[in-house]
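Printed here is query-v1.pdb (PDB, C-alpha atoms):
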```pdb
ATOM      1  CA  GLN B 127       0.000   0.000   0.000  1.00  0.00           C
ATOM      2  CA  VAL B 128       1.148   3.562  -0.737  1.00  0.00           C
ATOM      3  CA  GLN B 129       0.100   6.686   1.118  1.00  0.00           C
ATOM      4  CA  LEU B 130       0.605  10.042  -0.594  1.00  0.00           C
ATOM      5  CA  VAL B 131       0.664  13.497   0.994  1.00  0.00           C
ATOM      6  CA  GLU B 132       0.866  16.626  -1.152  1.00  0.00           C
ATOM      7  CA  SER B 133       2.159  20.004   0.000  1.00  0.00           C
ATOM      8  CA  GLY B 134       3.322  23.307  -1.443  1.00  0.00           C
ATOM      9  CA  GLY B 135       0.087  24.749  -2.752  1.00  0.00           C
ATOM     10  CA  GLY B 136      -0.990  28.320  -2.140  1.00  0.00           C
ATOM     11  CA  LEU B 137      -1.902  31.652  -3.663  1.00  0.00           C
ATOM     12  CA  VAL B 138       0.364  33.029  -6.371  1.00  0.00           C
ATOM     13  CA  GLN B 139       0.132  35.881  -8.851  1.00  0.00           C
ATOM     14  CA  PRO B 140      -0.082  35.233 -12.595  1.00  0.00           C
ATOM     15  CA  GLY B 141       3.389  34.608 -13.983  1.00  0.00           C
ATOM     16  CA  GLY B 142       4.615  33.286 -10.656  1.00  0.00           C
ATOM     17  CA  SER B 143       5.928  29.881  -9.647  1.00  0.00           C
ATOM     18  CA  LEU B 144       5.159  27.162  -7.139  1.00  0.00           C
ATOM     19  CA  ARG B 145       6.734  23.825  -6.356  1.00  0.00           C
ATOM     20  CA  LEU B 146       4.473  21.045  -5.213  1.00  0.00           C
ATOM     21  CA  SER B 147       5.783  18.042  -3.310  1.00  0.00           C
ATOM     22  CA  CYS B 148       4.237  14.632  -2.795  1.00  0.00           C
ATOM     23  CA  ALA B 149       5.694  12.480  -0.038  1.00  0.00           C
ATOM     24  CA  ALA B 150       5.039   8.769  -0.338  1.00  0.00           C
ATOM     25  CA  SER B 151       5.126   6.029   2.243  1.00  0.00           C
ATOM     26  CA  GLY B 152       5.534   2.369   1.403  1.00  0.00           C
ATOM     27  CA  ARG B 153       8.295   0.250  -0.054  1.00  0.00           C
ATOM     28  CA  THR B 154       6.963   0.152  -3.617  1.00  0.00           C
ATOM     29  CA  PHE B 155       7.304   3.856  -4.474  1.00  0.00           C
ATOM     30  CA  SER B 156      10.455   3.445  -6.543  1.00  0.00           C
ATOM     31  CA  SER B 157       8.850   0.699  -8.643  1.00  0.00           C
ATOM     32  CA  ARG B 158       5.854   2.799  -9.667  1.00  0.00           C
ATOM     33  CA  ALA B 159       5.296   5.420 -12.304  1.00  0.00           C
ATOM     34  CA  MET B 160       3.803   8.555 -10.747  1.00  0.00           C
ATOM     35  CA  GLY B 161       1.525  11.289 -11.988  1.00  0.00           C
ATOM     36  CA  TRP B 162       0.043  14.680 -11.185  1.00  0.00           C
ATOM     37  CA  PHE B 163      -3.563  15.570 -11.922  1.00  0.00           C
ATOM     38  CA  ARG B 164      -5.630  18.655 -11.222  1.00  0.00           C
ATOM     39  CA  GLN B 165      -9.282  19.435 -10.734  1.00  0.00           C
ATOM     40  CA  ALA B 166     -10.850  22.868 -11.057  1.00  0.00           C
ATOM     41  CA  PRO B 167     -14.271  23.648  -9.541  1.00  0.00           C
ATOM     42  CA  GLY B 168     -17.054  22.144 -11.607  1.00  0.00           C
ATOM     43  CA  LYS B 169     -14.654  20.299 -13.882  1.00  0.00           C
ATOM     44  CA  GLU B 170     -13.401  16.763 -14.193  1.00  0.00           C
ATOM     45  CA  ARG B 171     -10.018  15.747 -12.869  1.00  0.00           C
ATOM     46  CA  GLU B 172      -7.484  16.176 -15.647  1.00  0.00           C
ATOM     47  CA  PHE B 173      -4.034  14.833 -16.337  1.00  0.00           C
ATOM     48  CA  ALA B 174      -1.035  17.144 -15.960  1.00  0.00           C
ATOM     49  CA  ALA B 175       2.171  15.090 -15.973  1.00  0.00           C
ATOM     50  CA  THR B 176       3.628  11.647 -15.435  1.00  0.00           C
ATOM     51  CA  ILE B 177       7.098  10.296 -14.749  1.00  0.00           C
ATOM     52  CA  SER B 178       8.715   6.901 -15.082  1.00  0.00           C
ATOM     53  CA  ARG B 179       9.924   5.033 -12.008  1.00  0.00           C
ATOM     54  CA  THR B 180      13.576   5.888 -12.705  1.00  0.00           C
ATOM     55  CA  ALA B 181      12.770   9.540 -13.544  1.00  0.00           C
ATOM     56  CA  GLY B 182      14.346   9.036 -16.943  1.00  0.00           C
ATOM     57  CA  SER B 183      11.193   9.806 -18.877  1.00  0.00           C
ATOM     58  CA  THR B 184       8.321  12.233 -18.499  1.00  0.00           C
ATOM     59  CA  TYR B 185       5.111  13.081 -20.310  1.00  0.00           C
ATOM     60  CA  TYR B 186       2.993  16.249 -20.101  1.00  0.00           C
ATOM     61  CA  ALA B 187      -0.434  17.481 -21.031  1.00  0.00           C
ATOM     62  CA  ASP B 188      -0.324  20.101 -23.766  1.00  0.00           C
ATOM     63  CA  SER B 189      -1.818  22.649 -21.379  1.00  0.00           C
ATOM     64  CA  VAL B 190       1.242  22.547 -19.082  1.00  0.00           C
ATOM     65  CA  LYS B 191       4.042  21.521 -21.445  1.00  0.00           C
ATOM     66  CA  GLY B 192       6.963  23.940 -21.307  1.00  0.00           C
ATOM     67  CA  ARG B 193       5.772  25.473 -18.024  1.00  0.00           C
ATOM     68  CA  PHE B 194       5.593  22.527 -15.608  1.00  0.00           C
ATOM     69  CA  THR B 195       8.306  20.030 -14.748  1.00  0.00           C
ATOM     70  CA  ILE B 196       7.726  16.740 -12.958  1.00  0.00           C
ATOM     71  CA  SER B 197      10.604  15.100 -11.121  1.00  0.00           C
ATOM     72  CA  ARG B 198      11.176  12.549  -8.399  1.00  0.00           C
ATOM     73  CA  ASP B 199      13.720  11.564  -5.777  1.00  0.00           C
ATOM     74  CA  ASN B 200      13.398   7.872  -5.005  1.00  0.00           C
ATOM     75  CA  ALA B 201      15.812   8.152  -2.083  1.00  0.00           C
ATOM     76  CA  LYS B 202      13.348  10.555  -0.453  1.00  0.00           C
ATOM     77  CA  ASN B 203      10.189   8.822  -1.706  1.00  0.00           C
ATOM     78  CA  THR B 204       9.047  12.140  -3.125  1.00  0.00           C
ATOM     79  CA  VAL B 205       7.704  13.385  -6.440  1.00  0.00           C
ATOM     80  CA  TYR B 206       7.651  17.067  -7.351  1.00  0.00           C
ATOM     81  CA  LEU B 207       5.832  19.374  -9.725  1.00  0.00           C
ATOM     82  CA  GLN B 208       7.614  22.635 -10.504  1.00  0.00           C
ATOM     83  CA  MET B 209       5.103  25.082 -11.944  1.00  0.00           C
ATOM     84  CA  ASN B 210       6.318  28.218 -13.698  1.00  0.00           C
ATOM     85  CA  SER B 211       4.568  30.980 -15.646  1.00  0.00           C
ATOM     86  CA  LEU B 212       1.354  30.208 -13.825  1.00  0.00           C
ATOM     87  CA  LYS B 213      -1.940  31.355 -15.298  1.00  0.00           C
ATOM     88  CA  PRO B 214      -5.357  31.886 -13.690  1.00  0.00           C
ATOM     89  CA  GLU B 215      -6.590  28.801 -15.551  1.00  0.00           C
ATOM     90  CA  ASP B 216      -4.070  26.712 -13.603  1.00  0.00           C
ATOM     91  CA  THR B 217      -6.170  27.286 -10.487  1.00  0.00           C
ATOM     92  CA  ALA B 218      -7.227  23.869  -9.194  1.00  0.00           C
ATOM     93  CA  VAL B 219      -6.697  21.253  -6.538  1.00  0.00           C
ATOM     94  CA  TYR B 220      -3.575  19.310  -7.500  1.00  0.00           C
ATOM     95  CA  TYR B 221      -3.299  15.608  -6.774  1.00  0.00           C
ATOM     96  CA  CYS B 222      -0.417  13.219  -7.015  1.00  0.00           C
ATOM     97  CA  ALA B 223      -1.114   9.596  -7.788  1.00  0.00           C
ATOM     98  CA  ALA B 224       0.700   6.280  -8.023  1.00  0.00           C
ATOM     99  CA  ARG B 225       0.290   3.831 -10.870  1.00  0.00           C
ATOM    100  CA  PRO B 226       0.012   0.094 -10.194  1.00  0.00           C
ATOM    101  CA  GLY B 227       3.200  -0.536 -12.201  1.00  0.00           C
ATOM    102  CA  THR B 228       6.031   0.998 -14.145  1.00  0.00           C
ATOM    103  CA  ILE B 229       4.321   2.149 -17.351  1.00  0.00           C
ATOM    104  CA  TYR B 230       4.173   5.948 -17.521  1.00  0.00           C
ATOM    105  CA  SER B 231       3.272   6.754 -21.134  1.00  0.00           C
ATOM    106  CA  ASP B 232       0.254   4.694 -22.152  1.00  0.00           C
ATOM    107  CA  TYR B 233      -3.358   5.860 -22.304  1.00  0.00           C
ATOM    108  CA  GLY B 234      -3.896   4.645 -18.752  1.00  0.00           C
ATOM    109  CA  SER B 235      -1.255   7.048 -17.477  1.00  0.00           C
ATOM    110  CA  ARG B 236      -3.410   9.987 -18.609  1.00  0.00           C
ATOM    111  CA  ILE B 237      -6.697   9.047 -16.963  1.00  0.00           C
ATOM    112  CA  PRO B 238      -7.583   8.871 -13.251  1.00  0.00           C
ATOM    113  CA  ALA B 239      -8.718   5.242 -13.544  1.00  0.00           C
ATOM    114  CA  GLY B 240      -5.139   4.288 -14.450  1.00  0.00           C
ATOM    115  CA  TYR B 241      -3.876   5.104 -10.967  1.00  0.00           C
ATOM    116  CA  GLU B 242      -4.063   3.018  -7.844  1.00  0.00           C
ATOM    117  CA  TYR B 243      -3.353   5.455  -5.009  1.00  0.00           C
ATOM    118  CA  TRP B 244      -4.136   9.153  -4.557  1.00  0.00           C
ATOM    119  CA  GLY B 245      -3.192  11.931  -2.197  1.00  0.00           C
ATOM    120  CA  GLN B 246      -5.668  14.288  -0.594  1.00  0.00           C
ATOM    121  CA  GLY B 247      -4.766  17.193  -2.879  1.00  0.00           C
ATOM    122  CA  THR B 248      -3.327  20.669  -2.411  1.00  0.00           C
ATOM    123  CA  GLN B 249      -5.014  23.892  -3.545  1.00  0.00           C
ATOM    124  CA  VAL B 250      -3.274  26.147  -6.060  1.00  0.00           C
ATOM    125  CA  THR B 251      -4.839  29.531  -6.718  1.00  0.00           C
ATOM    126  CA  VAL B 252      -3.448  31.858  -9.377  1.00  0.00           C
ATOM    127  CA  SER B 253      -4.871  35.326  -8.982  1.00  0.00           C
ATOM    128  CA  SER B 254      -3.811  38.945  -8.788  1.00  0.00           C
TER     129      SER B 254
END
```
Rewrite the structure from the file as structure tokens, please.
Amino acid sequence: QVQLVESGGGLVQPGGSLRLSCAASGRTFSSRAMGWFRQAPGKEREFAATISRTAGSTYYADSVKGRFTISRDNAKNTVYLQMNSLKPEDTAVYYCAARPGTIYSDYGSRIPAGYEYWGQGTQVTVSS
């Protein structure tokens, strides 16, 4: 079993940056691909980014590509999401999630049903 706890959310002005962290417990973290999703009020949860278990490969939604960077530190059981050039439309609750295996780039890696464990989420608000 994997428990995930996100942190680092907050209020930021447009054009600003935030770094989200997701601390994982459990011995299987390093064997799992990981992802970040977000959910704005009244909208479905949407994919943002995913990373392979070794951190050698990443994949991003078009809406965040070039602005967000996903990374992980397996020694610290932590996955990160660096968010730059933030826009008001990035406002959402951000969730990290753990896949049941190592695959990070298939269709299942881009939908919520493809993930086995979820954190409680952290709020990101982009507003002036």
Quick one: everything within 12 Å of Arg236 of chain B, counting only C-alpha atoms, minus sequence neighbours fewer than 3 positions away in the same chain. Send it as an mmCIF file with C-alpha atoms, in the frame of the given file.
```cif
data_model
loop_
_atom_site.group_PDB
_atom_site.id
_atom_site.type_symbol
_atom_site.label_atom_id
_atom_site.label_comp_id
_atom_site.auth_asym_id
_atom_site.auth_seq_id
_atom_site.Cartn_x
_atom_site.Cartn_y
_atom_site.Cartn_z
ATOM 1 C CA ALA B 159 5.296 5.420 -12.304
ATOM 2 C CA MET B 160 3.803 8.555 -10.747
ATOM 3 C CA GLY B 161 1.525 11.289 -11.988
ATOM 4 C CA TRP B 162 0.043 14.680 -11.185
ATOM 5 C CA PHE B 163 -3.563 15.570 -11.922
ATOM 6 C CA ARG B 164 -5.630 18.655 -11.222
ATOM 7 C CA ARG B 171 -10.018 15.747 -12.869
ATOM 8 C CA GLU B 172 -7.484 16.176 -15.647
ATOM 9 C CA PHE B 173 -4.034 14.833 -16.337
ATOM 10 C CA ALA B 174 -1.035 17.144 -15.960
ATOM 11 C CA ALA B 175 2.171 15.090 -15.973
ATOM 12 C CA THR B 176 3.628 11.647 -15.435
ATOM 13 C CA ILE B 177 7.098 10.296 -14.749
ATOM 14 C CA THR B 184 8.321 12.233 -18.499
ATOM 15 C CA TYR B 185 5.111 13.081 -20.310
ATOM 16 C CA TYR B 186 2.993 16.249 -20.101
ATOM 17 C CA ALA B 187 -0.434 17.481 -21.031
ATOM 18 C CA ASP B 188 -0.324 20.101 -23.766
ATOM 19 C CA ALA B 223 -1.114 9.596 -7.788
ATOM 20 C CA ALA B 224 0.700 6.280 -8.023
ATOM 21 C CA ARG B 225 0.290 3.831 -10.870
ATOM 22 C CA ILE B 229 4.321 2.149 -17.351
ATOM 23 C CA TYR B 230 4.173 5.948 -17.521
ATOM 24 C CA SER B 231 3.272 6.754 -21.134
ATOM 25 C CA ASP B 232 0.254 4.694 -22.152
ATOM 26 C CA TYR B 233 -3.358 5.860 -22.304
ATOM 27 C CA ALA B 239 -8.718 5.242 -13.544
ATOM 28 C CA GLY B 240 -5.139 4.288 -14.450
ATOM 29 C CA TYR B 241 -3.876 5.104 -10.967
#
```
query: the PyMOL selection byres ((chain B and resi 165) around 12) on the file shown: which residues, as a list in words?
result: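 With the PyMOL selection byres ((chain B and resi 165) around 12) on this model, the match is Trp162, Phe163, Arg164, Ala166, Pro167, Gly168, Lys169, Glu170, Arg171, Glu172, Phe173, Ala174, Glu215, Asp216, Thr217, Ala218, Val219, Tyr220, Tyr221, Cys222, Pro238, Gln246, Gly247, Thr248, Gln249, Val250 and Thr251 of chain B.
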Enumerate, in order of chain and increasing residue number, the residues of segment 141-184 of chain B with an atom no farther than 9 Å from segment 199-202 of chain B, each with its shortest atom pair and distance in Å to one decimal, counting only C-alpha atoms, as JSON lines.
```
{"residue": "B:Ala149", "atom": "CA", "partner": "B:Lys202", "partner_atom": "CA", "distance": 7.9}
{"residue": "B:Ala150", "atom": "CA", "partner": "B:Lys202", "partner_atom": "CA", "distance": 8.5}
{"residue": "B:Phe155", "atom": "CA", "partner": "B:Asn200", "partner_atom": "CA", "distance": 7.3}
{"residue": "B:Ser156", "atom": "CA", "partner": "B:Asn200", "partner_atom": "CA", "distance": 5.5}
{"residue": "B:Arg179", "atom": "CA", "partner": "B:Asn200", "partner_atom": "CA", "distance": 8.3}
{"residue": "B:Thr180", "atom": "CA", "partner": "B:Asn200", "partner_atom": "CA", "distance": 8.0}
{"residue": "B:Ala181", "atom": "CA", "partner": "B:Asp199", "partner_atom": "CA", "distance": 8.1}
```
Selection under test: the PyMOL selection byres ((chain B and resi 134-147) around 8); residues as a list in words: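 When the PyMOL selection byres ((chain B and resi 134-147) around 8) is applied, the selected residues are Glu132, Ser133, Cys148, Ala149, Thr204, Val205, Tyr206, Leu207, Gln208, Met209, Asn210, Ser211, Leu212, Lys213, Pro214, Thr248, Gln249, Val250, Thr251, Val252, Ser253 and Ser254 of chain B.
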- request: Figure out the distance between atom CA of Gly234 of chain B and atom CA of Val131 of chain B, please, to one decimal in Å.
  value: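 Calculated distance between atom CA of Val131 of chain B and atom CA of Gly234 of chain B is 22.1 Å.
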field: Polymer residues at most 6 Å from (-2.2, 5.3, -0.7) by all atoms listed in the file, as a list of chain:residue names
entry: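 The distance filter leaves exactly B:Gln127, B:Val128, B:Gln129, B:Leu130, B:Tyr243, B:Trp244.
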Output file for the selection above: C-alpha atoms, as a PDB file, in the coordinates of the input:
```pdb
ATOM      1  CA  GLN B 127       0.000   0.000   0.000  1.00  0.00           C
ATOM      2  CA  VAL B 128       1.148   3.562  -0.737  1.00  0.00           C
ATOM      3  CA  GLN B 129       0.100   6.686   1.118  1.00  0.00           C
ATOM      4  CA  LEU B 130       0.605  10.042  -0.594  1.00  0.00           C
ATOM      5  CA  TYR B 243      -3.353   5.455  -5.009  1.00  0.00           C
ATOM      6  CA  TRP B 244      -4.136   9.153  -4.557  1.00  0.00           C
TER       7      TRP B 244
END
```
Reconstructed segment 187-198 of chain B, atom set all heavy atoms, as a PDB file, in the coordinates of the input:
```
ATOM      1  N   ALA B 187       0.723  17.000 -20.300  1.00  0.00           N
ATOM      2  CA  ALA B 187      -0.434  17.481 -21.031  1.00  0.00           C
ATOM      3  C   ALA B 187      -0.021  18.725 -21.816  1.00  0.00           C
ATOM      4  O   ALA B 187       0.849  19.488 -21.381  1.00  0.00           O
ATOM      5  CB  ALA B 187      -1.564  17.813 -20.064  1.00  0.00           C
ATOM      6  N   ASP B 188      -0.658  18.941 -22.952  1.00  0.00           N
ATOM      7  CA  ASP B 188      -0.324  20.101 -23.766  1.00  0.00           C
ATOM      8  C   ASP B 188      -0.521  21.408 -23.008  1.00  0.00           C
ATOM      9  O   ASP B 188       0.210  22.381 -23.234  1.00  0.00           O
ATOM     10  CB  ASP B 188      -1.178  20.113 -25.036  1.00  0.00           C
ATOM     11  CG  ASP B 188      -0.770  19.029 -26.018  1.00  0.00           C
ATOM     12  OD1 ASP B 188       0.351  18.489 -25.884  1.00  0.00           O
ATOM     13  OD2 ASP B 188      -1.573  18.720 -26.914  1.00  0.00           O
ATOM     14  N   SER B 189      -1.485  21.417 -22.106  1.00  0.00           N
ATOM     15  CA  SER B 189      -1.818  22.649 -21.379  1.00  0.00           C
ATOM     16  C   SER B 189      -0.712  23.094 -20.423  1.00  0.00           C
ATOM     17  O   SER B 189      -0.677  24.261 -20.023  1.00  0.00           O
ATOM     18  CB  SER B 189      -3.122  22.460 -20.605  1.00  0.00           C
ATOM     19  OG  SER B 189      -3.002  21.371 -19.703  1.00  0.00           O
ATOM     20  N   VAL B 190       0.186  22.192 -20.038  1.00  0.00           N
ATOM     21  CA  VAL B 190       1.242  22.547 -19.082  1.00  0.00           C
ATOM     22  C   VAL B 190       2.642  22.371 -19.667  1.00  0.00           C
ATOM     23  O   VAL B 190       3.624  22.777 -19.032  1.00  0.00           O
ATOM     24  CB  VAL B 190       1.132  21.726 -17.785  1.00  0.00           C
ATOM     25  CG1 VAL B 190      -0.274  21.841 -17.205  1.00  0.00           C
ATOM     26  CG2 VAL B 190       1.504  20.266 -18.007  1.00  0.00           C
ATOM     27  N   LYS B 191       2.738  21.798 -20.845  1.00  0.00           N
ATOM     28  CA  LYS B 191       4.042  21.521 -21.445  1.00  0.00           C
ATOM     29  C   LYS B 191       4.836  22.808 -21.625  1.00  0.00           C
ATOM     30  O   LYS B 191       4.314  23.821 -22.078  1.00  0.00           O
ATOM     31  CB  LYS B 191       3.846  20.829 -22.789  1.00  0.00           C
ATOM     32  CG  LYS B 191       5.087  20.207 -23.381  1.00  0.00           C
ATOM     33  CD  LYS B 191       4.757  19.479 -24.674  1.00  0.00           C
ATOM     34  CE  LYS B 191       3.784  18.357 -24.475  1.00  0.00           C
ATOM     35  NZ  LYS B 191       3.481  17.623 -25.716  1.00  0.00           N
ATOM     36  N   GLY B 192       6.098  22.770 -21.216  1.00  0.00           N
ATOM     37  CA  GLY B 192       6.963  23.940 -21.307  1.00  0.00           C
ATOM     38  C   GLY B 192       6.897  24.849 -20.098  1.00  0.00           C
ATOM     39  O   GLY B 192       7.746  25.729 -19.938  1.00  0.00           O
ATOM     40  N   ARG B 193       5.907  24.644 -19.232  1.00  0.00           N
ATOM     41  CA  ARG B 193       5.772  25.473 -18.024  1.00  0.00           C
ATOM     42  C   ARG B 193       5.944  24.646 -16.745  1.00  0.00           C
ATOM     43  O   ARG B 193       6.447  25.155 -15.750  1.00  0.00           O
ATOM     44  CB  ARG B 193       4.405  26.150 -18.001  1.00  0.00           C
ATOM     45  CG  ARG B 193       4.144  27.064 -19.175  1.00  0.00           C
ATOM     46  CD  ARG B 193       2.836  27.826 -18.995  1.00  0.00           C
ATOM     47  NE  ARG B 193       1.665  26.956 -18.907  1.00  0.00           N
ATOM     48  CZ  ARG B 193       0.834  26.921 -17.865  1.00  0.00           C
ATOM     49  NH1 ARG B 193       1.033  27.720 -16.837  1.00  0.00           N
ATOM     50  NH2 ARG B 193      -0.208  26.109 -17.879  1.00  0.00           N
ATOM     51  N   PHE B 194       5.508  23.402 -16.773  1.00  0.00           N
ATOM     52  CA  PHE B 194       5.593  22.527 -15.608  1.00  0.00           C
ATOM     53  C   PHE B 194       6.680  21.487 -15.819  1.00  0.00           C
ATOM     54  O   PHE B 194       6.904  21.030 -16.942  1.00  0.00           O
ATOM     55  CB  PHE B 194       4.270  21.804 -15.380  1.00  0.00           C
ATOM     56  CG  PHE B 194       3.119  22.665 -14.913  1.00  0.00           C
ATOM     57  CD1 PHE B 194       3.191  24.051 -14.927  1.00  0.00           C
ATOM     58  CD2 PHE B 194       1.946  22.073 -14.459  1.00  0.00           C
ATOM     59  CE1 PHE B 194       2.140  24.840 -14.507  1.00  0.00           C
ATOM     60  CE2 PHE B 194       0.874  22.844 -14.026  1.00  0.00           C
ATOM     61  CZ  PHE B 194       0.975  24.232 -14.065  1.00  0.00           C
ATOM     62  N   THR B 195       7.304  21.083 -14.705  1.00  0.00           N
ATOM     63  CA  THR B 195       8.306  20.030 -14.748  1.00  0.00           C
ATOM     64  C   THR B 195       8.059  19.049 -13.612  1.00  0.00           C
ATOM     65  O   THR B 195       8.025  19.445 -12.443  1.00  0.00           O
ATOM     66  CB  THR B 195       9.724  20.596 -14.619  1.00  0.00           C
ATOM     67  OG1 THR B 195       9.973  21.531 -15.668  1.00  0.00           O
ATOM     68  CG2 THR B 195      10.758  19.477 -14.702  1.00  0.00           C
ATOM     69  N   ILE B 196       7.885  17.786 -13.964  1.00  0.00           N
ATOM     70  CA  ILE B 196       7.726  16.740 -12.958  1.00  0.00           C
ATOM     71  C   ILE B 196       9.082  16.091 -12.722  1.00  0.00           C
ATOM     72  O   ILE B 196       9.874  15.907 -13.659  1.00  0.00           O
ATOM     73  CB  ILE B 196       6.676  15.700 -13.410  1.00  0.00           C
ATOM     74  CG1 ILE B 196       6.377  14.703 -12.283  1.00  0.00           C
ATOM     75  CG2 ILE B 196       7.099  14.994 -14.694  1.00  0.00           C
ATOM     76  CD1 ILE B 196       5.207  13.764 -12.595  1.00  0.00           C
ATOM     77  N   SER B 197       9.352  15.776 -11.470  1.00  0.00           N
ATOM     78  CA  SER B 197      10.604  15.100 -11.121  1.00  0.00           C
ATOM     79  C   SER B 197      10.354  14.229  -9.900  1.00  0.00           C
ATOM     80  O   SER B 197       9.291  14.313  -9.273  1.00  0.00           O
ATOM     81  CB  SER B 197      11.715  16.112 -10.842  1.00  0.00           C
ATOM     82  OG  SER B 197      11.379  16.952  -9.749  1.00  0.00           O
ATOM     83  N   ARG B 198      11.318  13.399  -9.576  1.00  0.00           N
ATOM     84  CA  ARG B 198      11.176  12.549  -8.399  1.00  0.00           C
ATOM     85  C   ARG B 198      12.542  12.253  -7.807  1.00  0.00           C
ATOM     86  O   ARG B 198      13.557  12.268  -8.496  1.00  0.00           O
ATOM     87  CB  ARG B 198      10.457  11.242  -8.748  1.00  0.00           C
ATOM     88  CG  ARG B 198      11.216  10.322  -9.663  1.00  0.00           C
ATOM     89  CD  ARG B 198      10.339   9.153 -10.145  1.00  0.00           C
ATOM     90  NE  ARG B 198       9.946   8.270  -9.067  1.00  0.00           N
ATOM     91  CZ  ARG B 198       8.988   7.337  -9.198  1.00  0.00           C
ATOM     92  NH1 ARG B 198       8.337   7.217 -10.344  1.00  0.00           N
ATOM     93  NH2 ARG B 198       8.697   6.543  -8.181  1.00  0.00           N
TER      94      ARG B 198
END
```
